[in-house]
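For reference, data33.csv (CSV, C-alpha atoms and all ligand atoms):
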```
chain,number,residue,atom,x,y,z
N,16,MET,CA,-28.7,-5.6,-28.1
N,17,GLU,CA,-26.4,-8.6,-27.7
N,18,PHE,CA,-22.7,-8.3,-27.0
N,19,LYS,CA,-20.4,-11.3,-27.6
N,20,PHE,CA,-17.2,-11.7,-25.7
N,21,VAL,CA,-14.6,-14.4,-25.0
N,22,VAL,CA,-13.3,-15.2,-21.5
N,23,LEU,CA,-9.7,-16.4,-21.3
N,24,PRO,CA,-9.2,-17.2,-17.6
N,25,GLY,CA,-5.6,-18.3,-18.2
N,26,ASP,CA,-3.2,-19.4,-15.4
N,27,GLY,CA,-2.7,-19.0,-11.7
N,28,ILE,CA,-5.2,-16.7,-10.1
N,29,GLY,CA,-6.7,-15.8,-13.5
N,30,PRO,CA,-9.7,-18.2,-13.2
N,31,GLU,CA,-10.7,-17.0,-9.7
N,32,VAL,CA,-10.5,-13.3,-10.4
N,33,VAL,CA,-12.3,-13.6,-13.7
N,34,ALA,CA,-15.1,-15.6,-11.9
N,35,GLN,CA,-15.7,-12.5,-9.7
N,36,ALA,CA,-16.1,-10.2,-12.7
N,37,LEU,CA,-18.4,-12.5,-14.4
N,38,LYS,CA,-20.8,-12.4,-11.4
N,39,LEU,CA,-21.7,-8.9,-12.5
N,40,ILE,CA,-22.8,-9.9,-16.0
N,41,PRO,CA,-26.4,-11.0,-15.1
N,42,VAL,CA,-26.9,-7.8,-13.0
N,43,ILE,CA,-25.8,-5.6,-16.0
N,44,GLU,CA,-28.1,-7.6,-18.3
N,45,ASP,CA,-31.0,-7.0,-16.0
N,46,LYS,CA,-30.3,-3.3,-15.3
N,47,GLU,CA,-29.2,-2.2,-18.8
N,48,LYS,CA,-31.7,-4.5,-20.7
N,49,VAL,CA,-28.9,-6.0,-22.8
N,50,LYS,CA,-27.8,-9.5,-23.5
N,51,PHE,CA,-24.3,-10.9,-23.2
N,52,SER,CA,-23.1,-14.2,-24.6
N,53,TYR,CA,-19.7,-15.5,-23.8
N,54,GLU,CA,-17.6,-18.6,-24.2
N,55,GLU,CA,-14.3,-19.6,-22.7
N,56,GLY,CA,-11.0,-20.3,-24.4
N,57,LEU,CA,-7.6,-21.6,-23.4
N,58,ILE,CA,-4.4,-19.5,-23.2
N,59,GLY,CA,-1.1,-19.7,-21.5
N,60,ALA,CA,0.4,-22.6,-19.4
N,61,THR,CA,-3.1,-24.1,-19.1
N,62,ALA,CA,-3.4,-24.2,-22.9
N,63,ILE,CA,0.2,-25.7,-23.2
N,64,ASP,CA,-0.7,-28.4,-20.7
N,65,GLN,CA,-3.9,-29.4,-22.5
N,66,THR,CA,-2.9,-28.8,-26.2
N,67,GLY,CA,0.8,-28.1,-26.4
N,68,ASN,CA,0.0,-24.7,-27.8
N,69,PRO,CA,-0.1,-21.4,-25.7
N,70,LEU,CA,-2.8,-20.0,-28.0
N,71,PRO,CA,-4.7,-22.8,-29.7
N,72,ASP,CA,-6.3,-21.9,-33.1
N,73,ASP,CA,-9.7,-22.6,-31.5
N,74,THR,CA,-9.1,-19.8,-29.0
N,75,LEU,CA,-8.1,-17.3,-31.7
N,76,GLU,CA,-11.1,-18.2,-33.9
N,77,LYS,CA,-13.5,-17.6,-31.0
N,78,CYS,CA,-11.8,-14.3,-30.3
N,79,MET,CA,-12.1,-13.2,-33.9
N,80,LYS,CA,-15.8,-13.8,-33.9
N,81,SER,CA,-16.4,-11.8,-30.7
N,82,ASN,CA,-16.6,-8.1,-29.8
N,83,ALA,CA,-14.2,-8.2,-26.8
N,84,ILE,CA,-12.1,-10.4,-24.6
N,85,LEU,CA,-11.8,-10.6,-20.9
N,86,LEU,CA,-8.5,-12.2,-19.9
N,87,GLY,CA,-7.3,-13.3,-16.4
N,88,ALA,CA,-3.5,-13.8,-16.4
N,89,VAL,CA,-0.8,-15.8,-18.2
N,90,GLY,CA,2.3,-17.4,-16.8
N,91,HIS,CA,3.7,-20.3,-14.7
N,92,PRO,CA,6.9,-20.6,-12.8
N,93,LYS,CA,7.8,-23.9,-14.3
N,94,PHE,CA,8.6,-22.1,-17.5
N,95,ASP,CA,10.4,-19.1,-15.9
N,96,LEU,CA,12.9,-21.5,-14.4
N,97,ASP,CA,13.7,-23.0,-17.7
N,98,PRO,CA,15.1,-20.5,-20.2
N,99,THR,CA,15.5,-23.2,-22.8
N,100,ALA,CA,11.7,-24.1,-22.9
N,101,ALA,CA,10.7,-24.0,-26.6
N,102,VAL,CA,7.1,-23.2,-25.8
N,103,ARG,CA,6.2,-20.6,-23.2
N,104,PRO,CA,2.9,-19.3,-21.9
N,105,GLU,CA,3.8,-15.7,-22.7
N,106,GLN,CA,4.0,-16.5,-26.4
N,107,GLY,CA,0.2,-17.0,-26.3
N,108,LEU,CA,-0.2,-13.4,-25.1
N,109,LEU,CA,2.2,-12.0,-27.7
N,110,LYS,CA,0.4,-14.0,-30.4
N,111,ILE,CA,-3.1,-12.8,-29.5
N,112,ARG,CA,-1.9,-9.2,-29.4
N,113,LYS,CA,-0.3,-9.5,-32.8
N,114,SER,CA,-3.1,-11.5,-34.4
N,115,LEU,CA,-5.8,-9.2,-33.3
N,116,GLY,CA,-3.8,-6.0,-34.0
N,117,LEU,CA,-4.0,-4.8,-30.4
N,118,PHE,CA,-1.4,-2.1,-30.9
N,119,ALA,CA,-2.3,0.1,-28.0
N,120,ASN,CA,-2.2,-1.0,-24.3
N,121,ILE,CA,-4.0,1.6,-22.1
N,122,ARG,CA,-3.1,1.4,-18.5
N,123,PRO,CA,-4.8,4.0,-16.2
N,124,VAL,CA,-3.1,4.8,-12.9
N,125,LYS,CA,-5.2,6.4,-10.3
N,126,THR,CA,-4.8,6.4,-6.6
N,127,PHE,CA,-7.5,5.6,-4.1
N,128,PRO,CA,-7.2,7.9,-1.1
N,129,VAL,CA,-8.0,5.1,1.4
N,130,LEU,CA,-5.1,3.1,0.1
N,131,ASP,CA,-2.6,5.9,0.5
N,132,PRO,CA,-1.3,4.5,3.8
N,133,ILE,CA,-0.2,1.2,2.1
N,134,SER,CA,1.5,2.9,-0.9
N,135,PRO,CA,5.3,2.8,-0.9
N,136,LEU,CA,5.2,6.5,-1.6
N,137,LYS,CA,4.7,9.2,1.0
N,138,GLU,CA,1.1,10.4,1.2
N,139,HIS,CA,1.7,14.0,0.0
N,140,LEU,CA,3.0,12.7,-3.3
N,141,LEU,CA,-0.2,10.8,-4.0
N,142,LYS,CA,-2.6,13.6,-4.1
N,143,GLY,CA,-4.1,14.0,-7.6
N,144,VAL,CA,-2.3,11.1,-9.1
N,145,ASP,CA,-4.3,10.3,-12.2
N,146,PHE,CA,-2.5,9.4,-15.4
N,147,VAL,CA,-2.8,6.9,-18.2
N,148,VAL,CA,-0.1,5.2,-20.1
N,149,PHE,CA,-0.4,4.4,-23.8
N,150,ARG,CA,2.0,1.6,-24.4
N,151,GLU,CA,2.7,0.5,-28.0
N,152,LEU,CA,2.0,-3.3,-27.9
N,153,THR,CA,2.7,-5.0,-31.2
N,154,GLY,CA,6.1,-3.6,-32.3
N,155,GLY,CA,9.6,-2.8,-31.1
N,156,ILE,CA,12.0,-5.2,-29.5
N,157,TYR,CA,9.3,-7.6,-28.5
N,158,PHE,CA,8.6,-8.5,-32.1
N,159,GLY,CA,11.8,-7.7,-33.9
N,160,GLU,CA,14.1,-10.3,-35.4
N,161,LYS,CA,15.9,-12.2,-32.6
N,162,GLY,CA,18.6,-14.9,-32.7
N,163,ARG,CA,22.0,-16.2,-31.8
N,164,ASN,CA,25.3,-16.6,-33.6
N,165,GLU,CA,26.4,-20.0,-34.8
N,166,ASP,CA,28.0,-21.2,-31.6
N,167,GLY,CA,25.3,-19.6,-29.4
N,168,THR,CA,27.6,-17.2,-27.6
N,169,GLU,CA,26.1,-14.0,-29.0
N,170,ALA,CA,22.4,-13.0,-29.1
N,171,TYR,CA,20.5,-10.1,-30.6
N,172,ASP,CA,16.9,-8.6,-30.4
N,173,HIS,CA,16.1,-6.0,-33.0
N,174,CYS,CA,14.0,-3.0,-32.2
N,175,ASN,CA,12.0,-1.7,-35.2
N,176,TYR,CA,9.3,0.9,-35.6
N,177,SER,CA,7.7,2.5,-38.6
N,178,VAL,CA,6.1,5.9,-38.9
N,179,PRO,CA,2.5,4.5,-39.3
N,180,GLU,CA,3.0,2.3,-36.2
N,181,ILE,CA,3.9,5.4,-34.2
N,182,GLN,CA,1.3,7.7,-35.6
N,183,ARG,CA,-1.7,5.4,-34.9
N,184,ILE,CA,-1.0,5.1,-31.2
N,185,ALA,CA,0.2,8.8,-30.9
N,186,ARG,CA,-3.2,9.9,-32.3
N,187,MET,CA,-5.0,7.9,-29.6
N,188,ALA,CA,-2.9,9.4,-26.9
N,189,PHE,CA,-3.5,13.0,-28.2
N,190,GLU,CA,-7.2,12.4,-28.5
N,191,THR,CA,-7.4,11.0,-24.9
N,192,ALA,CA,-5.4,13.9,-23.6
N,193,GLY,CA,-8.0,16.2,-25.2
N,194,LYS,CA,-10.6,14.8,-22.9
N,195,ARG,CA,-8.3,15.0,-19.8
N,196,ARG,CA,-5.7,17.5,-18.6
N,197,LYS,CA,-4.4,18.1,-22.1
N,198,LYS,CA,-0.8,17.0,-21.7
N,199,VAL,CA,1.1,14.2,-23.5
N,200,THR,CA,4.5,13.1,-22.3
N,201,LEU,CA,6.5,11.0,-24.8
N,202,VAL,CA,8.9,8.7,-23.0
N,203,ASP,CA,11.8,7.5,-25.0
N,204,LYS,CA,15.6,7.2,-25.2
N,205,ALA,CA,16.2,9.6,-28.0
N,206,ASN,CA,19.7,10.5,-26.8
N,207,ILE,CA,20.7,6.9,-27.7
N,208,LEU,CA,18.2,5.0,-29.9
N,209,GLU,CA,17.4,5.6,-33.5
N,210,THR,CA,13.9,4.2,-33.0
N,211,SER,CA,13.4,6.7,-30.2
N,212,ARG,CA,14.4,9.6,-32.6
N,213,LEU,CA,11.8,8.4,-35.1
N,214,TRP,CA,9.2,8.4,-32.3
N,215,ARG,CA,10.1,12.0,-31.4
N,216,GLU,CA,10.2,13.2,-35.0
N,217,THR,CA,6.8,11.5,-35.8
N,218,VAL,CA,5.1,12.7,-32.6
N,219,GLN,CA,6.5,16.2,-33.1
N,220,ARG,CA,5.1,16.3,-36.6
N,221,LEU,CA,1.6,15.3,-35.4
N,222,ALA,CA,1.5,17.7,-32.6
N,223,PRO,CA,0.3,20.8,-34.6
N,224,GLU,CA,-2.9,18.9,-35.4
N,225,TYR,CA,-3.6,19.0,-31.7
N,226,PRO,CA,-3.0,22.6,-30.8
N,227,ASP,CA,-4.7,22.5,-27.4
N,228,ILE,CA,-2.4,19.6,-26.2
N,229,THR,CA,1.0,20.3,-24.5
N,230,LEU,CA,3.6,17.8,-25.7
N,231,ASP,CA,6.7,17.2,-23.6
N,232,PHE,CA,9.5,14.6,-23.8
N,233,MET,CA,11.3,12.6,-21.2
N,234,PHE,CA,14.1,10.1,-21.4
N,235,VAL,CA,12.9,6.8,-19.9
N,236,ASP,CA,15.5,6.7,-17.2
N,237,ASN,CA,14.4,10.1,-16.0
N,238,ALA,CA,10.7,9.1,-16.4
N,239,ALA,CA,11.3,6.1,-14.1
N,240,MET,CA,12.5,8.6,-11.5
N,241,GLN,CA,9.7,11.2,-12.0
N,242,ILE,CA,7.0,8.5,-11.7
N,243,ILE,CA,8.1,8.1,-8.1
N,244,LEU,CA,9.1,11.7,-7.4
N,245,GLN,CA,6.1,13.6,-9.0
N,246,PRO,CA,3.5,11.1,-10.1
N,247,ALA,CA,0.8,13.8,-10.1
N,248,ASN,CA,2.5,15.7,-12.9
N,249,PHE,CA,1.7,13.1,-15.6
N,250,ASP,CA,-1.5,13.1,-17.6
N,251,VAL,CA,-1.1,11.0,-20.7
N,252,VAL,CA,2.2,9.0,-21.1
N,253,LEU,CA,3.0,7.7,-24.6
N,254,THR,CA,5.7,5.2,-25.1
N,255,GLU,CA,7.0,2.2,-27.0
N,256,ASN,CA,6.5,-1.5,-26.0
N,257,MET,CA,9.5,-2.3,-23.8
N,258,PHE,CA,9.6,1.0,-21.9
N,259,GLY,CA,5.9,0.8,-21.4
N,260,ASP,CA,6.2,-2.7,-19.9
N,261,ILE,CA,8.7,-1.5,-17.4
N,262,ILE,CA,7.2,1.8,-16.4
N,263,THR,CA,3.7,0.5,-16.0
N,264,ASP,CA,4.8,-2.1,-13.5
N,265,GLU,CA,6.6,0.7,-11.6
N,266,ALA,CA,3.5,2.9,-11.8
N,267,SER,CA,1.2,0.1,-10.7
N,268,VAL,CA,2.6,-0.1,-7.2
N,269,ILE,CA,2.0,3.6,-6.6
N,270,THR,CA,-1.6,2.9,-5.7
N,271,GLY,CA,-0.6,0.6,-2.9
N,272,SER,CA,-1.6,-2.7,-4.5
N,273,ILE,CA,-0.8,-4.0,-8.0
N,274,GLY,CA,-4.1,-5.9,-7.6
N,275,MET,CA,-6.1,-2.7,-8.3
N,276,LEU,CA,-5.1,-1.8,-11.9
N,277,PRO,CA,-7.1,-2.7,-15.0
N,278,SER,CA,-6.0,-2.4,-18.6
N,279,ALA,CA,-7.4,-2.3,-22.1
N,280,SER,CA,-5.6,-3.4,-25.3
N,281,VAL,CA,-7.2,-1.9,-28.4
N,282,GLY,CA,-6.4,-1.5,-32.0
N,283,GLU,CA,-8.0,-2.7,-35.3
N,284,GLY,CA,-11.3,-3.9,-34.0
N,285,ILE,CA,-11.7,-6.4,-31.1
N,286,SER,CA,-10.5,-5.2,-27.7
N,287,LEU,CA,-9.0,-7.1,-24.9
N,288,PHE,CA,-9.4,-6.3,-21.2
N,289,GLU,CA,-7.2,-7.7,-18.5
N,290,PRO,CA,-5.8,-6.8,-15.0
N,291,ILE,CA,-2.2,-5.7,-15.2
N,292,HIS,CA,-1.0,-8.1,-12.5
N,293,GLY,CA,0.4,-11.5,-13.3
N,294,SER,CA,-0.8,-15.0,-12.5
N,295,ALA,CA,0.6,-15.0,-8.9
N,296,PRO,CA,0.9,-18.8,-8.8
N,297,GLN,CA,2.0,-18.8,-5.1
N,298,ILE,CA,-1.5,-17.6,-4.1
N,299,ALA,CA,-3.5,-19.4,-6.8
N,300,GLY,CA,-6.6,-21.4,-5.8
N,301,LYS,CA,-6.6,-20.1,-2.2
N,302,ASP,CA,-9.5,-17.6,-2.7
N,303,ILE,CA,-7.3,-14.8,-1.4
N,304,ALA,CA,-6.4,-12.9,-4.6
N,305,ASN,CA,-7.6,-9.3,-5.1
N,306,PRO,CA,-10.3,-9.4,-7.8
N,307,PHE,CA,-10.6,-5.6,-8.2
N,308,ALA,CA,-8.2,-5.2,-11.2
N,309,THR,CA,-10.3,-7.7,-13.1
N,310,ILE,CA,-13.6,-6.2,-12.0
N,311,LEU,CA,-12.3,-2.8,-13.1
N,312,SER,CA,-11.2,-4.3,-16.4
N,313,LEU,CA,-14.8,-5.5,-16.8
N,314,ALA,CA,-15.8,-1.8,-16.2
N,315,MET,CA,-13.5,-0.8,-19.1
N,316,MET,CA,-15.1,-3.4,-21.2
N,317,MET,CA,-18.5,-2.0,-20.4
N,318,ASP,CA,-17.3,1.5,-21.5
N,319,HIS,CA,-16.2,-0.2,-24.7
N,320,PHE,CA,-19.7,-1.6,-25.2
N,321,GLY,CA,-21.1,1.9,-24.6
N,322,LEU,CA,-22.6,0.9,-21.2
N,323,GLY,CA,-21.1,3.8,-19.3
N,324,ARG,CA,-23.6,3.8,-16.5
N,325,SER,CA,-22.6,0.2,-15.6
N,326,ALA,CA,-18.9,1.1,-15.9
N,327,GLU,CA,-19.3,4.1,-13.6
N,328,GLY,CA,-21.5,2.0,-11.2
N,329,ILE,CA,-18.8,-0.7,-10.9
N,330,ARG,CA,-16.0,1.9,-10.3
N,331,ASN,CA,-18.1,3.5,-7.5
N,332,ILE,CA,-18.7,0.2,-5.9
N,333,VAL,CA,-15.0,-0.7,-5.9
N,334,SER,CA,-14.3,2.7,-4.2
N,335,ASN,CA,-17.0,1.9,-1.6
N,336,ALA,CA,-15.6,-1.6,-1.1
N,337,LEU,CA,-12.2,0.0,-0.2
N,338,GLU,CA,-13.8,2.4,2.2
N,339,SER,CA,-15.9,-0.4,3.8
N,340,GLY,CA,-13.0,-2.8,4.3
N,341,MET,CA,-14.5,-5.3,1.8
N,342,VAL,CA,-11.0,-6.1,0.6
N,343,THR,CA,-8.5,-8.9,0.3
N,344,GLY,CA,-5.3,-9.5,2.4
N,345,ASP,CA,-3.0,-7.5,0.1
N,346,ILE,CA,-4.9,-4.4,1.4
N,347,THR,CA,-5.8,-5.5,4.9
N,348,PRO,CA,-3.6,-8.3,6.1
N,349,ASP,CA,-5.3,-8.2,9.5
N,350,ASN,CA,-8.8,-8.6,8.4
N,351,PRO,CA,-8.9,-10.0,4.9
N,352,ARG,CA,-12.0,-11.0,3.0
N,353,ARG,CA,-12.0,-13.8,0.6
N,354,THR,CA,-11.9,-13.3,-3.2
N,355,SER,CA,-15.3,-14.8,-3.6
N,356,GLU,CA,-16.8,-12.8,-0.7
N,357,VAL,CA,-15.6,-9.6,-2.3
N,358,GLY,CA,-17.1,-10.7,-5.7
N,359,ASP,CA,-20.5,-11.5,-4.0
N,360,TRP,CA,-20.5,-8.1,-2.3
N,361,VAL,CA,-19.8,-6.2,-5.5
N,362,ARG,CA,-22.5,-8.1,-7.3
N,363,ASP,CA,-25.1,-7.4,-4.5
N,364,GLN,CA,-24.2,-3.7,-4.4
N,365,LEU,CA,-24.5,-3.4,-8.1
N,366,GLN,CA,-27.9,-5.1,-8.0
N,367,GLN,CA,-29.0,-2.5,-5.4
N,368,THR,CA,-27.5,0.6,-6.8
N,369,LEU,CA,-27.5,0.5,-10.6
R,401,LIG,C1,2.5,-7.4,-19.5
R,401,LIG,C2,3.3,-8.7,-19.3
R,401,LIG,C3,3.7,-9.3,-20.7
R,401,LIG,C4,4.5,-8.3,-21.4
R,401,LIG,C5,4.4,-10.6,-20.6
R,401,LIG,C6,3.6,-11.6,-19.8
R,401,LIG,C7,4.5,-11.2,-22.0
R,401,LIG,O1,4.5,-8.4,-18.5
R,401,LIG,O2,1.4,-7.6,-20.1
R,401,LIG,O3,3.0,-6.4,-19.2
R,401,LIG,O4,5.8,-8.2,-21.2
R,401,LIG,O5,4.0,-7.5,-22.2
R,402,MN,MN,4.6,-6.4,-17.9
```
Please go through the file and, once you have read it, give me the structure as structure tokens.
Amino acid sequence: MEFKFVVLPGDGIGPEVVAQALKLIPVIEDKEKVKFSYEEGLIGATAIDQTGNPLPDDTLEKCMKSNAILLGAVGHPKFDLDPTAAVRPEQGLLKIRKSLGLFANIRPVKTFPVLDPISPLKEHLLKGVDFVVFRELTGGIYFGEKGRNEDGTEAYDHCNYSVPEIQRIARMAFETAGKRRKKVTLVDKANILETSRLWRETVQRLAPEYPDITLDFMFVDNAAMQIILQPANFDVVLTENMFGDIITDEASVITGSIGMLPSASVGEGISLFEPIHGSAPQIAGKDIANPFATILSLAMMMDHFGLGRSAEGIRNIVSNALESGMVTGDITPDNPRRTSEVGDWVRDQLQQTL
């Protein structure tokens, strides 16, 4: 069995965290008796610097011929400081999502008990936190018509959603809830937005097809509060693109380090796996970035390939690493291990335990 994937290291800490995940590939090949072949592609600021394009055609072509994509991170401050820049690294990410039909971004949020002391939340709130956000990824205000009036003093961004766009991700959320604690929370702003009312109506209509799932609704402003006040109450959170962007960043810090959370973007065929953190340019190239979010993204990719034993094995080793203090400075500022050291340790453990 041969699996083909594309590696898009991207910007900032992207290349160094991706390198740690790739150390596990030969071990998995050996233990699972499978073959992987992968090639690299350019995306983001690195791609702009080399080609002028944040997602060169060559990268997209490679992706379309593969089964999956492992992405590091995209973004560079030189573009953030210039709101007039015509070409931006983030456009590469939006284009790959749209071109590959990656309409559902799945972000699991699970606490690791050893990290509870460094969470910004009080420890008693962290018990049993285990939810997953289904964020719509190819619609809404991100992709609606945008523009300015003639003299540039007014701007608009349209938010559009259609029934089929809502249905396809809602089905995924219901199906996932069926394998979990059987609850879906739709996060919207239906007291204000027409698109949110369409979400509610559409999801309510689907609900009878999933009689064992409890569906509830929460306005996004309240959800932002409840994620902090009672994170253990959520199971599957379903939401549109922009709300999902915001609440997943909020949710990511609950675990104690944003460097821990993986994500999968899935849809019409090829899937993309990436850490939810950004490119962290201020620490790039120093061998100090936390590689676990990317290593856990690789575990999600192994699940996608049907290699569940490797996926579970990787997750167990990450838990062990946390318990053994084999962690970077975001977790133990007093006794940090280097990114590459953590990667070697995980590889060696996988070799011994799988
Ligand atoms: C994310 C990021 C992206 C988004 C940016 C980099 C375009 O914040 O994946 O959450 O807003 O979707
Ligand atoms: Mn984001």
Residues within 9 Å of Tyr53 in chain N, only C-alpha atoms, excluding chain neighbours under 5 positions, as a PyMOL selection string: chain N and resi 18-22+81
Within-9 Å residues of ligand LIG 401 (chain R), basis only C-alpha atoms and all ligand atoms, as a PyMOL selection string: chain N and resi 88-90+104-109+120+152+157+256-257+259-261+263-264+289-293
d(CA of Leu287 in chain N, CA of Asp318 in chain N) in Å: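 Distance reported for this atom pair: 12.4 Å.
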For ligand MN 402 (chain R), the nearest of the candidates N:Ser267, N:Ser355, N:Thr309, N:Gln367, counting all atoms listed in the file: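 Selected residue with least distance to ligand MN 402 (chain R): N:Ser267.
The gap separating CA of His173 in chain N from CA of Gly155 in chain N is 7.5 Å, in Å to one decimal.
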Shell of 12 Å around Ser339 in chain N, all atoms listed in the file, local chain residues under 5 positions omitted, as a list in words: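 In the requested form, the answer reads Val129, Leu130, Ile332, Val333, Ser334, Ile346, Thr347, Asn350, Pro351, Arg352, Val357, Trp360 and Val361 of chain N.
For the pair CA of Lys80 in chain N and CA of Gly358 in chain N, the separation is 28.4 Å.
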Answer as a ChimeraX atom specification, residues within 10 Å of (2.8, 11.3, -13.0) using all atoms listed in the file: /N:124-125,140-141,143-148,200,238,241-252,266
For Met275 in chain N, the nearest of the candidates N:Lys93, N:Arg122, N:His139, N:Arg112, counting all atoms listed in the file: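 So, comparing all the options, the nearest one is N:Arg122.
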Compile the contact shell of Gly323 in chain N as a PDB file with C-alpha atoms, in the coordinates of the input: residues with an atom at most 12 Å away, counting all atoms listed in the file, same-chain residues fewer than 5 positions apart removed.
```
ATOM      1  CA  ILE N  43     -25.800  -5.600 -16.000  1.00  0.00           C
ATOM      2  CA  GLU N  47     -29.200  -2.200 -18.800  1.00  0.00           C
ATOM      3  CA  LEU N 313     -14.800  -5.500 -16.800  1.00  0.00           C
ATOM      4  CA  ALA N 314     -15.800  -1.800 -16.200  1.00  0.00           C
ATOM      5  CA  MET N 315     -13.500  -0.800 -19.100  1.00  0.00           C
ATOM      6  CA  MET N 316     -15.100  -3.400 -21.200  1.00  0.00           C
ATOM      7  CA  MET N 317     -18.500  -2.000 -20.400  1.00  0.00           C
ATOM      8  CA  ASP N 318     -17.300   1.500 -21.500  1.00  0.00           C
ATOM      9  CA  GLY N 328     -21.500   2.000 -11.200  1.00  0.00           C
ATOM     10  CA  ILE N 329     -18.800  -0.700 -10.900  1.00  0.00           C
ATOM     11  CA  ARG N 330     -16.000   1.900 -10.300  1.00  0.00           C
ATOM     12  CA  LEU N 369     -27.500   0.500 -10.600  1.00  0.00           C
TER      13      LEU N 369
END
```
